[in-house]
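**Q** One file: target_5.txt (compact mmCIF, C-alpha atoms).
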```txt
# COMPACT_ATOMS: atom_id res chain seq x y z
CA MET A 10 99.02 133.99 74.79
CA ALA A 11 98.29 130.26 74.42
CA LYS A 12 101.63 129.72 72.66
CA GLU A 13 103.46 131.67 75.38
CA ARG A 14 101.89 129.59 78.12
CA ARG A 15 102.80 126.37 76.32
CA ARG A 16 106.35 127.66 75.84
CA ALA A 17 106.51 128.48 79.56
CA VAL A 18 105.52 124.88 80.41
CA LEU A 19 108.11 123.51 77.96
CA GLU A 20 110.77 125.67 79.63
CA LEU A 21 109.92 124.07 82.98
CA LEU A 22 111.07 120.73 81.51
CA GLN A 23 114.59 122.16 81.41
CA ARG A 24 114.77 122.19 85.20
CA PRO A 25 116.99 119.28 86.34
CA GLY A 26 114.31 117.42 88.31
CA ASN A 27 111.79 117.63 85.49
CA ALA A 28 113.91 116.02 82.77
CA ARG A 29 112.68 112.52 83.69
CA CYS A 30 109.25 111.08 84.45
CA ALA A 31 108.39 111.69 88.11
CA ASP A 32 107.14 108.11 88.50
CA CYS A 33 109.25 105.70 86.43
CA GLY A 34 112.28 107.82 85.50
CA ALA A 35 111.78 107.61 81.72
CA PRO A 36 113.64 110.43 79.93
CA ASP A 37 111.94 113.40 78.20
CA PRO A 38 108.46 113.34 79.75
CA ASP A 39 105.93 115.20 77.62
CA TRP A 40 102.85 114.90 79.81
CA ALA A 41 102.04 116.58 83.12
CA SER A 42 99.64 116.23 86.03
CA TYR A 43 98.48 119.79 86.56
CA THR A 44 96.82 118.90 89.90
CA LEU A 45 99.96 117.26 91.35
CA GLY A 46 102.50 119.49 89.61
CA VAL A 47 104.60 116.68 88.10
CA PHE A 48 105.95 115.90 84.63
CA ILE A 49 105.37 112.32 83.53
CA CYS A 50 105.81 110.02 80.51
CA LEU A 51 103.00 108.90 78.19
CA SER A 52 102.81 105.45 79.79
CA CYS A 53 102.46 106.79 83.35
CA SER A 54 100.00 109.46 82.19
CA GLY A 55 97.58 106.65 81.29
CA ILE A 56 97.71 105.43 84.88
CA HIS A 57 97.15 108.97 86.20
CA ARG A 58 94.02 109.18 84.03
CA ASN A 59 92.60 106.27 86.03
CA ILE A 60 92.75 108.26 89.29
CA PRO A 61 90.99 111.49 88.20
CA GLN A 62 90.04 112.32 91.78
CA VAL A 63 93.75 112.80 92.47
CA SER A 64 95.41 113.61 89.14
CA LYS A 65 94.39 115.39 85.96
CA VAL A 66 96.77 115.27 83.01
CA LYS A 67 97.62 117.33 79.93
CA SER A 68 100.04 117.05 77.06
CA VAL A 69 102.88 119.53 77.48
CA ARG A 70 103.07 120.10 73.73
CA LEU A 71 99.54 119.63 72.40
CA ASP A 72 97.05 120.84 75.02
CA ALA A 73 96.07 124.39 75.93
CA TRP A 74 97.32 125.64 79.29
CA GLU A 75 95.69 128.17 81.60
CA GLU A 76 97.81 130.76 83.39
CA ALA A 77 96.97 129.34 86.84
CA GLN A 78 98.00 125.84 85.71
CA VAL A 79 101.35 127.11 84.40
CA GLU A 80 101.98 128.90 87.70
CA PHE A 81 101.08 125.76 89.66
CA MET A 82 103.54 123.67 87.63
CA ALA A 83 106.24 126.34 88.11
CA SER A 84 105.77 126.41 91.88
CA HIS A 85 105.83 122.60 92.19
CA GLY A 86 107.67 120.24 89.82
CA ASN A 87 109.10 116.74 90.20
CA ASP A 88 111.63 117.47 92.95
CA ALA A 89 109.02 119.14 95.18
CA ALA A 90 106.56 116.29 94.59
CA ARG A 91 109.23 113.71 95.38
CA ALA A 92 110.09 115.48 98.63
CA ARG A 93 106.44 115.30 99.66
CA PHE A 94 105.04 112.07 98.23
CA GLU A 95 108.20 109.93 98.58
CA SER A 96 109.46 111.28 101.90
CA LYS A 97 109.09 107.94 103.71
CA VAL A 98 109.62 105.24 101.06
CA PRO A 99 111.12 102.18 102.84
CA SER A 100 114.55 101.09 101.66
CA PHE A 101 113.21 97.72 100.52
CA TYR A 102 110.22 99.09 98.55
CA TYR A 103 110.61 98.49 94.82
CA ARG A 104 110.65 101.65 92.71
CA PRO A 105 109.64 100.76 89.15
CA THR A 106 111.62 101.61 86.03
CA PRO A 107 110.30 102.31 82.49
CA SER A 108 110.76 98.65 81.54
CA ASP A 109 108.71 97.26 84.43
CA CYS A 110 105.25 95.80 83.98
CA GLN A 111 102.11 97.94 84.10
CA LEU A 112 101.05 96.54 87.48
CA LEU A 113 104.21 97.64 89.32
CA ARG A 114 104.02 101.15 87.91
CA GLU A 115 100.30 101.46 88.59
CA GLN A 116 100.56 100.37 92.23
CA TRP A 117 103.58 102.65 92.81
CA ILE A 118 101.62 105.63 91.47
CA ARG A 119 98.51 104.74 93.48
CA ALA A 120 100.60 104.16 96.63
CA LYS A 121 102.25 107.56 96.20
CA TYR A 122 99.39 109.86 95.31
CA GLU A 123 96.11 108.06 96.01
CA ARG A 124 96.89 106.16 99.22
CA GLN A 125 99.79 108.44 100.25
CA GLU A 126 101.63 105.48 101.81
CA PHE A 127 104.97 107.31 101.83
CA ILE A 128 103.63 110.31 103.72
CA TYR A 129 101.88 108.21 106.40
CA PRO A 130 104.06 105.19 107.32
CA GLU A 131 101.21 103.51 109.23
CA LYS A 132 99.70 102.77 105.80
CA GLN A 133 102.73 100.54 105.02
CA GLU A 134 101.67 97.88 107.52
CA PRO A 135 100.57 95.32 104.85
CA TYR A 136 104.18 94.86 103.69
CA SER A 137 106.30 96.05 106.61
CA ALA A 138 104.79 94.26 109.62
CA GLY A 139 107.06 91.20 109.31
CA TYR A 140 104.12 88.79 109.01
CA ARG A 141 101.61 88.24 106.23
CA GLU A 142 99.18 85.48 105.39
CA GLY A 143 96.55 85.01 102.72
CA PHE A 144 95.42 82.98 99.73
CA LEU A 145 97.18 83.12 96.38
CA TRP A 146 96.63 81.21 93.14
CA LYS A 147 99.59 78.82 92.68
CA ARG A 148 100.46 76.91 89.54
CA GLY A 149 100.59 73.13 89.99
CA ARG A 150 103.98 71.66 89.19
CA ASP A 151 102.69 68.70 87.18
CA ASN A 152 99.36 69.69 85.64
CA GLY A 153 99.87 73.44 85.24
CA GLN A 154 96.53 74.28 86.87
CA PHE A 155 96.31 77.25 89.23
CA LEU A 156 94.81 76.37 92.61
CA SER A 157 94.12 78.53 95.68
CA ARG A 158 96.75 77.98 98.37
CA LYS A 159 97.32 79.53 101.78
CA PHE A 160 100.66 81.36 102.05
CA VAL A 161 102.33 82.55 105.26
CA LEU A 162 105.35 84.87 105.37
CA THR A 163 107.00 85.13 108.76
CA GLU A 164 110.20 87.10 109.33
CA ARG A 165 110.51 85.61 112.82
CA GLU A 166 110.93 82.14 111.28
CA GLY A 167 112.76 83.53 108.25
CA ALA A 168 110.48 81.70 105.84
CA LEU A 169 107.68 81.80 103.29
CA LYS A 170 105.42 78.75 103.60
CA TYR A 171 102.42 77.46 101.70
CA PHE A 172 99.80 74.86 102.60
CA ASN A 173 97.95 72.47 100.27
CA ARG A 174 94.83 72.45 102.46
CA ASN A 175 93.26 75.09 104.70
CA ASP A 176 93.34 72.76 107.72
CA ALA A 177 96.83 71.37 107.03
CA LYS A 178 99.09 71.36 110.08
CA GLU A 179 102.31 71.08 108.11
CA PRO A 180 103.26 73.27 105.13
CA LYS A 181 103.77 71.72 101.71
CA ALA A 182 106.93 73.81 101.26
CA VAL A 183 109.13 76.05 103.40
CA MET A 184 111.19 78.62 101.49
CA LYS A 185 114.00 80.25 103.43
CA ILE A 186 114.05 84.02 103.03
CA GLU A 187 117.84 84.10 102.68
CA HIS A 188 117.63 82.22 99.34
CA LEU A 189 114.38 83.68 98.04
CA ASN A 190 113.79 86.12 95.18
CA ALA A 191 110.64 87.31 93.40
CA THR A 192 109.94 89.08 90.13
CA PHE A 193 106.84 89.85 88.11
CA GLN A 194 106.47 87.71 84.98
CA PRO A 195 103.01 88.46 83.57
CA ALA A 196 103.77 87.32 79.99
CA LYS A 197 105.36 84.05 81.09
CA ILE A 198 102.64 83.19 83.62
CA GLY A 199 99.78 84.41 81.44
CA HIS A 200 98.27 86.75 84.03
CA PRO A 201 98.94 90.51 84.45
CA HIS A 202 99.57 89.95 88.18
CA GLY A 203 101.83 86.90 87.72
CA LEU A 204 104.75 86.62 90.17
CA GLN A 205 107.66 84.18 89.88
CA VAL A 206 109.29 83.18 93.17
CA THR A 207 112.64 81.36 93.14
CA TYR A 208 114.34 79.72 96.10
CA LEU A 209 117.03 77.16 96.84
CA LYS A 210 116.07 73.65 97.83
CA ASP A 211 118.84 71.10 98.42
CA ASN A 212 121.23 73.49 96.66
CA SER A 213 119.09 73.51 93.50
CA THR A 214 116.83 76.29 92.35
CA ARG A 215 113.07 75.81 92.47
CA ASN A 216 110.38 78.05 90.91
CA ILE A 217 106.81 78.64 91.97
CA PHE A 218 104.34 80.79 90.01
CA ILE A 219 101.58 82.70 91.80
CA TYR A 220 99.11 85.51 91.29
CA HIS A 221 96.26 87.35 93.01
CA GLU A 222 93.29 88.93 91.23
CA ASP A 223 93.80 92.15 93.20
CA GLY A 224 96.81 94.18 92.01
CA LYS A 225 97.46 95.84 95.36
CA GLU A 226 97.44 92.46 97.13
CA ILE A 227 100.10 90.86 94.94
CA VAL A 228 102.34 93.97 94.99
CA ASP A 229 102.00 94.06 98.80
CA TRP A 230 103.14 90.41 98.86
CA PHE A 231 106.05 91.28 96.56
CA ASN A 232 107.20 94.13 98.80
CA ALA A 233 106.64 92.07 101.96
CA LEU A 234 109.05 89.47 100.52
CA ARG A 235 111.55 92.23 99.74
CA ALA A 236 111.15 93.62 103.27
CA ALA A 237 111.79 90.21 104.81
CA ARG A 238 114.90 89.68 102.69
CA PHE A 239 116.15 93.20 103.42
CA HIS A 240 115.75 92.70 107.18
CA TYR A 241 117.45 89.30 106.96
CA LEU A 242 120.43 90.88 105.19
CA GLN A 243 120.61 93.66 107.80
CA VAL A 244 120.77 91.14 110.63
CA ALA A 245 122.94 88.47 108.98
CA PHE A 246 125.30 90.88 107.22
CA PRO A 247 125.36 94.30 108.91
CA GLY A 248 126.19 96.93 106.32
CA ALA A 249 124.31 95.12 103.58
CA GLY A 250 121.63 97.44 102.28
CA ASP A 251 118.85 97.75 99.79
CA ALA A 252 121.37 97.92 96.96
CA ASP A 253 122.21 94.28 97.70
CA GLN A 254 118.77 93.11 96.53
CA THR A 255 118.68 92.47 92.83
CA GLU A 256 115.49 92.14 90.84
CA GLY A 257 116.62 89.31 88.65
CA PHE A 258 116.99 89.48 84.90
CA ARG A 259 114.79 87.10 82.95
CA LYS A 260 114.27 85.89 79.45
CA ARG A 261 112.19 82.94 78.43
CA TRP A 262 114.41 79.93 79.15
CA PHE A 263 117.04 81.63 81.28
CA THR A 264 116.68 83.33 84.64
CA MET A 265 119.31 85.24 86.57
CA ASP A 266 118.75 85.75 90.29
CA ASP A 267 121.50 87.46 92.25
CA ARG A 268 124.52 85.57 90.86
CA ARG A 269 122.76 82.37 89.82
CA LEU A 270 122.09 81.86 86.12
CA MET A 271 119.57 79.08 85.54
CA TYR A 272 118.42 77.23 82.43
CA PHE A 273 114.93 75.78 82.10
CA LYS A 274 113.81 73.24 79.51
CA ASP A 275 110.36 74.89 79.67
CA PRO A 276 109.82 78.47 80.92
CA LEU A 277 107.34 77.28 83.58
CA ASP A 278 109.40 74.38 84.90
CA ALA A 279 109.62 74.12 88.67
CA PHE A 280 113.28 73.06 88.64
CA ALA A 281 116.25 74.41 86.71
CA ARG A 282 117.96 71.99 84.32
CA GLY A 283 121.33 73.64 84.85
CA GLU A 284 122.91 76.45 86.86
CA VAL A 285 126.01 78.61 86.66
CA PHE A 286 127.35 80.81 89.45
CA ILE A 287 128.65 84.19 88.24
CA GLY A 288 131.13 85.74 90.65
CA SER A 289 133.08 88.99 90.55
CA LYS A 290 136.06 89.91 88.38
CA GLU A 291 138.23 89.87 91.55
CA SER A 292 137.36 86.16 91.85
CA GLY A 293 138.33 85.37 88.25
CA TYR A 294 135.02 85.75 86.40
CA THR A 295 134.81 87.48 83.00
CA VAL A 296 132.11 88.12 80.41
CA LEU A 297 133.07 88.21 76.71
CA HIS A 298 131.16 89.12 73.56
CA GLY A 299 131.09 86.24 71.07
CA PHE A 300 132.38 82.67 71.09
CA PRO A 301 135.95 81.34 71.16
CA PRO A 302 137.28 81.01 67.56
CA SER A 303 137.12 77.22 67.58
CA THR A 304 133.38 77.04 68.39
CA GLN A 305 131.18 75.18 65.90
CA GLY A 306 127.59 74.07 65.62
CA HIS A 307 125.76 77.10 67.01
CA HIS A 308 122.71 78.33 65.08
CA TRP A 309 122.49 81.89 66.44
CA PRO A 310 125.32 84.33 65.63
CA HIS A 311 125.19 86.45 68.80
CA GLY A 312 127.32 84.63 71.31
CA ILE A 313 128.39 85.25 74.91
CA THR A 314 131.21 83.53 76.78
CA ILE A 315 131.26 83.44 80.58
CA VAL A 316 134.71 82.60 81.90
CA THR A 317 134.76 81.12 85.43
CA PRO A 318 137.78 79.87 87.40
CA ASP A 319 136.83 76.30 86.42
CA ARG A 320 135.65 76.49 82.81
CA LYS A 321 133.99 78.53 80.06
CA PHE A 322 130.23 78.61 79.48
CA LEU A 323 128.91 79.49 76.01
CA PHE A 324 125.49 81.00 75.34
CA ALA A 325 123.85 82.01 72.05
CA CYS A 326 121.29 84.79 71.66
CA GLU A 327 118.74 85.07 68.89
CA THR A 328 119.18 88.83 68.38
CA GLU A 329 121.86 91.43 68.92
CA SER A 330 119.62 93.36 71.34
CA ASP A 331 119.18 90.19 73.46
CA GLN A 332 122.96 89.79 73.46
CA ARG A 333 123.45 93.40 74.62
CA GLU A 334 120.90 93.02 77.43
CA TRP A 335 122.39 89.76 78.70
CA VAL A 336 125.99 91.01 78.51
CA ALA A 337 124.95 94.11 80.51
CA ALA A 338 123.24 91.91 83.14
CA PHE A 339 126.26 89.58 83.41
CA GLN A 340 128.70 92.50 83.46
CA LYS A 341 126.76 94.14 86.29
CA ALA A 342 127.19 90.97 88.37
CA VAL A 343 130.88 90.63 87.50
CA ASP A 344 131.62 94.29 88.32
CA ARG A 345 129.88 94.11 91.72
CA PRO A 346 132.14 92.96 94.59
CA MET A 347 130.95 89.73 96.17
CA LEU A 348 129.15 89.87 99.51
CA PRO A 349 130.07 87.50 102.36
CA GLN A 350 126.96 85.38 101.82
CA GLU A 351 127.77 85.05 98.11
CA TYR A 352 131.13 83.41 98.85
CA ALA A 353 129.18 80.81 100.82
CA VAL A 354 126.85 80.20 97.85
CA GLU A 355 129.85 79.93 95.51
CA ALA A 356 131.51 77.37 97.81
CA HIS A 357 128.46 75.11 97.82
CA PHE A 358 127.41 75.70 94.26
CA LYS A 359 127.18 72.86 91.80
CA HIS A 360 128.13 73.72 88.24
CA LYS A 361 125.68 71.81 86.09
CA PRO A 362 126.50 71.74 82.36
```
Is it possible to give me this structure as structure tokens?
**A**
Amino acid sequence: MAKERRRAVLELLQRPGNARCADCGAPDPDWASYTLGVFICLSCSGIHRNIPQVSKVKSVRLDAWEEAQVEFMASHGNDAARARFESKVPSFYYRPTPSDCQLLREQWIRAKYERQEFIYPEKQEPYSAGYREGFLWKRGRDNGQFLSRKFVLTEREGALKYFNRNDAKEPKAVMKIEHLNATFQPAKIGHPHGLQVTYLKDNSTRNIFIYHEDGKEIVDWFNALRAARFHYLQVAFPGAGDADQTEGFRKRWFTMDDRRLMYFKDPLDAFARGEVFIGSKESGYTVLHGFPPSTQGHHWPHGITIVTPDRKFLFACETESDQREWVAAFQKAVDRPMLPQEYAVEAHFKHKP
């Protein structure tokens, strides 16, 4: 009987909606929450274990299953859970993927099942109200120390601001939402809640690095920034949607935000040393594997050539897997038609070798 019940659970994985993790989309999930009725991957199952009042998990292949649990899984499943727990996910809200950091996946799972934010929209106020203020730890540009700073995000003014002192009348920096992007970089920043924010200042890219001790707080900030940018795009460019927000693709010394590829002498530099704009193939941009035949002097064998209307840019990767990832990221940008605002960025962009 035990084998039959386990076989019955395994057969449920063949249903289309159950073939991927209900939370991060990883293929071939082999764990399940038998209180929520969802199939999940090993990584997400660890997060479910931390909310036992909501979710209890079992291995699909190794654990014993009771008849009632099998029936519950059969009558629910990932599609049914998605219809219930994700019925009101805002367009701007970031849905994590298998490669995202632990914090993003944990807060997504807690928001879905524990806080039920996407069943009751009034619970989304912390990131959808259009205004947010609070204190975040910010890395100093010169000394590298993290200090508490007051941050204010206001959609009405279209800006994220921070203040060096609590009683300061004027902000130390004003970051326009239209040129702002954020991505979690825990390894680079050295904190599991580390967030990298990039913005344009005088047509050059600037970085700031921030974190908050509370995971929900920093993820709420992250989604509030996404909400502000999404609403800006809706107003400034009607028809632009959530698909027009890109997460940014980052490796240690290089960062790609939207169509801007930036090089940093040190991973935690505030300013980029050089920048390249990557447009669409319709505008004459191409990505090629390898270097031109005449290239000499490179130490790493895995090359990439970016062809722009003005010149070629050559990049070397340490490993073949790095090369594949970067080529895929560049190709995605090249294949995507340019938006009206991106033509404006291209027109003002400075190619810096």
**Q** Just want the 6 Å neighbourhood of Ala35 (chain A), counted on only C-alpha atoms, with same-chain residues fewer than 4 positions away dropped. Output as a PyMOL selection string.
**A** chain A and resi 29-30+107
**Q** Which neighbours of region 314-321 of chain A fall inside 7 Å, counting all atoms listed in the file, when residues of the same chain fewer than 2 positions from it are skipped, and could you give them as a list in words?
**A**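 Counting all atoms listed in the file, the residues come to Gly293, Tyr294, Thr295, Val296, Leu297, His298, Gly299, Phe300, Gly312, Leu323 and Phe324 of chain A.
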**Q** So that I have them on file, write out the residues from the current selection with C-alpha atoms, as a PDB file, in the coordinates of the input.
**A**
```pdb
ATOM      1  CA  GLY A 293     138.330  85.370  88.250  1.00  0.00           C
ATOM      2  CA  TYR A 294     135.020  85.750  86.400  1.00  0.00           C
ATOM      3  CA  THR A 295     134.810  87.480  83.000  1.00  0.00           C
ATOM      4  CA  VAL A 296     132.110  88.120  80.410  1.00  0.00           C
ATOM      5  CA  LEU A 297     133.070  88.210  76.710  1.00  0.00           C
ATOM      6  CA  HIS A 298     131.160  89.120  73.560  1.00  0.00           C
ATOM      7  CA  GLY A 299     131.090  86.240  71.070  1.00  0.00           C
ATOM      8  CA  PHE A 300     132.380  82.670  71.090  1.00  0.00           C
ATOM      9  CA  GLY A 312     127.320  84.630  71.310  1.00  0.00           C
ATOM     10  CA  LEU A 323     128.910  79.490  76.010  1.00  0.00           C
ATOM     11  CA  PHE A 324     125.490  81.000  75.340  1.00  0.00           C
TER      12      PHE A 324
END
```
**Q** Determine the nearest neighbour of Leu112 (chain A) from the options A:Gln23, A:Ser289, A:Gln194, A:Asn216, counting all atoms listed in the file.
**A**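 Residue with the minimum atom-to-atom distance to Leu112 (chain A): A:Gln194.
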**Q** Looking at all atoms listed in the file, which of A:Leu242, A:Leu169, A:Ile49, A:Cys110 is the one that sits closest to Ala196 (chain A)?
**A** A:Cys110
**Q** Which residues, written as an mmCIF file with C-alpha atoms, in the frame of the given file, have at least one atom at most 9 Å from region 128-135 of chain A, with all atoms listed in the file counted and residues fewer than 5 positions away on the same chain left out?
**A**
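This is the output file selection.cif:
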```
data_model
loop_
_atom_site.group_PDB
_atom_site.id
_atom_site.type_symbol
_atom_site.label_atom_id
_atom_site.label_comp_id
_atom_site.auth_asym_id
_atom_site.auth_seq_id
_atom_site.Cartn_x
_atom_site.Cartn_y
_atom_site.Cartn_z
ATOM 1 C CA ARG A 93 106.440 115.300 99.660
ATOM 2 C CA PHE A 94 105.040 112.070 98.230
ATOM 3 C CA GLU A 95 108.200 109.930 98.580
ATOM 4 C CA SER A 96 109.460 111.280 101.900
ATOM 5 C CA LYS A 97 109.090 107.940 103.710
ATOM 6 C CA VAL A 98 109.620 105.240 101.060
ATOM 7 C CA PRO A 99 111.120 102.180 102.840
ATOM 8 C CA LYS A 121 102.250 107.560 96.200
ATOM 9 C CA TYR A 140 104.120 88.790 109.010
ATOM 10 C CA ARG A 141 101.610 88.240 106.230
ATOM 11 C CA GLU A 226 97.440 92.460 97.130
ATOM 12 C CA ASP A 229 102.000 94.060 98.800
ATOM 13 C CA TRP A 230 103.140 90.410 98.860
ATOM 14 C CA ALA A 233 106.640 92.070 101.960
#
```
**Q** Please list, as a tab-separated table (two decimals) with C-alpha atoms, keeping the file's coordinate frame, the residues that have an atom at most 12 Å away from (112.6, 104.1, 97.8) in the coordinates of this file, counting only C-alpha atoms.
**A**
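Output (selection16.tsv):
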```
chain	number	residue	atom	x	y	z
A	32	ASP	CA	107.14	108.11	88.50
A	33	CYS	CA	109.25	105.70	86.43
A	91	ARG	CA	109.23	113.71	95.38
A	92	ALA	CA	110.09	115.48	98.63
A	94	PHE	CA	105.04	112.07	98.23
A	95	GLU	CA	108.20	109.93	98.58
A	96	SER	CA	109.46	111.28	101.90
A	97	LYS	CA	109.09	107.94	103.71
A	98	VAL	CA	109.62	105.24	101.06
A	99	PRO	CA	111.12	102.18	102.84
A	100	SER	CA	114.55	101.09	101.66
A	101	PHE	CA	113.21	97.72	100.52
A	102	TYR	CA	110.22	99.09	98.55
A	103	TYR	CA	110.61	98.49	94.82
A	104	ARG	CA	110.65	101.65	92.71
A	105	PRO	CA	109.64	100.76	89.15
A	117	TRP	CA	103.58	102.65	92.81
A	121	LYS	CA	102.25	107.56	96.20
A	126	GLU	CA	101.63	105.48	101.81
A	127	PHE	CA	104.97	107.31	101.83
A	232	ASN	CA	107.20	94.13	98.80
A	236	ALA	CA	111.15	93.62	103.27
A	251	ASP	CA	118.85	97.75	99.79
A	252	ALA	CA	121.37	97.92	96.96
```
**Q** Quick check, in Å to one decimal: how far apart do CA of His221 (chain A) and CA of Gly199 (chain A) lie?
**A** 12.4 Å
**Q** Go through A:Lys159, A:Lys12, A:Ile118, A:Ala41 and flag the residue nearest Lys178 (chain A), using all atoms listed in the file for the distances.
**A**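 Smallest separation from Lys178 (chain A) among the options: A:Lys159.
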**Q** Go through A:Arg268, A:His311, A:Leu113, A:Asp39 one by one, measure the shortest atom-to-atom distance of each to Lys341 (chain A) using only C-alpha atoms, and give the residue with the smallest value.
**A**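 Ranked by minimum distance to Lys341 (chain A), first place goes to A:Arg268.
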**Q** Between CA of Val18 (chain A) and CA of Val69 (chain A), measure the distance and give it in Å to one decimal.
**A** 6.6 Å
**Q** Using only C-alpha atoms, which of the listed residues (A:Pro38, A:Pro346, A:Pro180, A:Gly224) sits closest to Phe160 (chain A)?
**A**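 Closest residue, counting only C-alpha atoms: A:Pro180.
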**Q** Grab the CA of Val343 (chain A) to CA of Lys210 (chain A) distance for me, in Å with one decimal place.
**A** 24.8 Å
**Q** Given the choices A:Ala191, A:Lys197, A:Ile217, A:Asp267, which gets closest to Leu234 (chain A) if the distance is worked out from only C-alpha atoms?
**A**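 Closest residue, counting only C-alpha atoms: A:Ala191.
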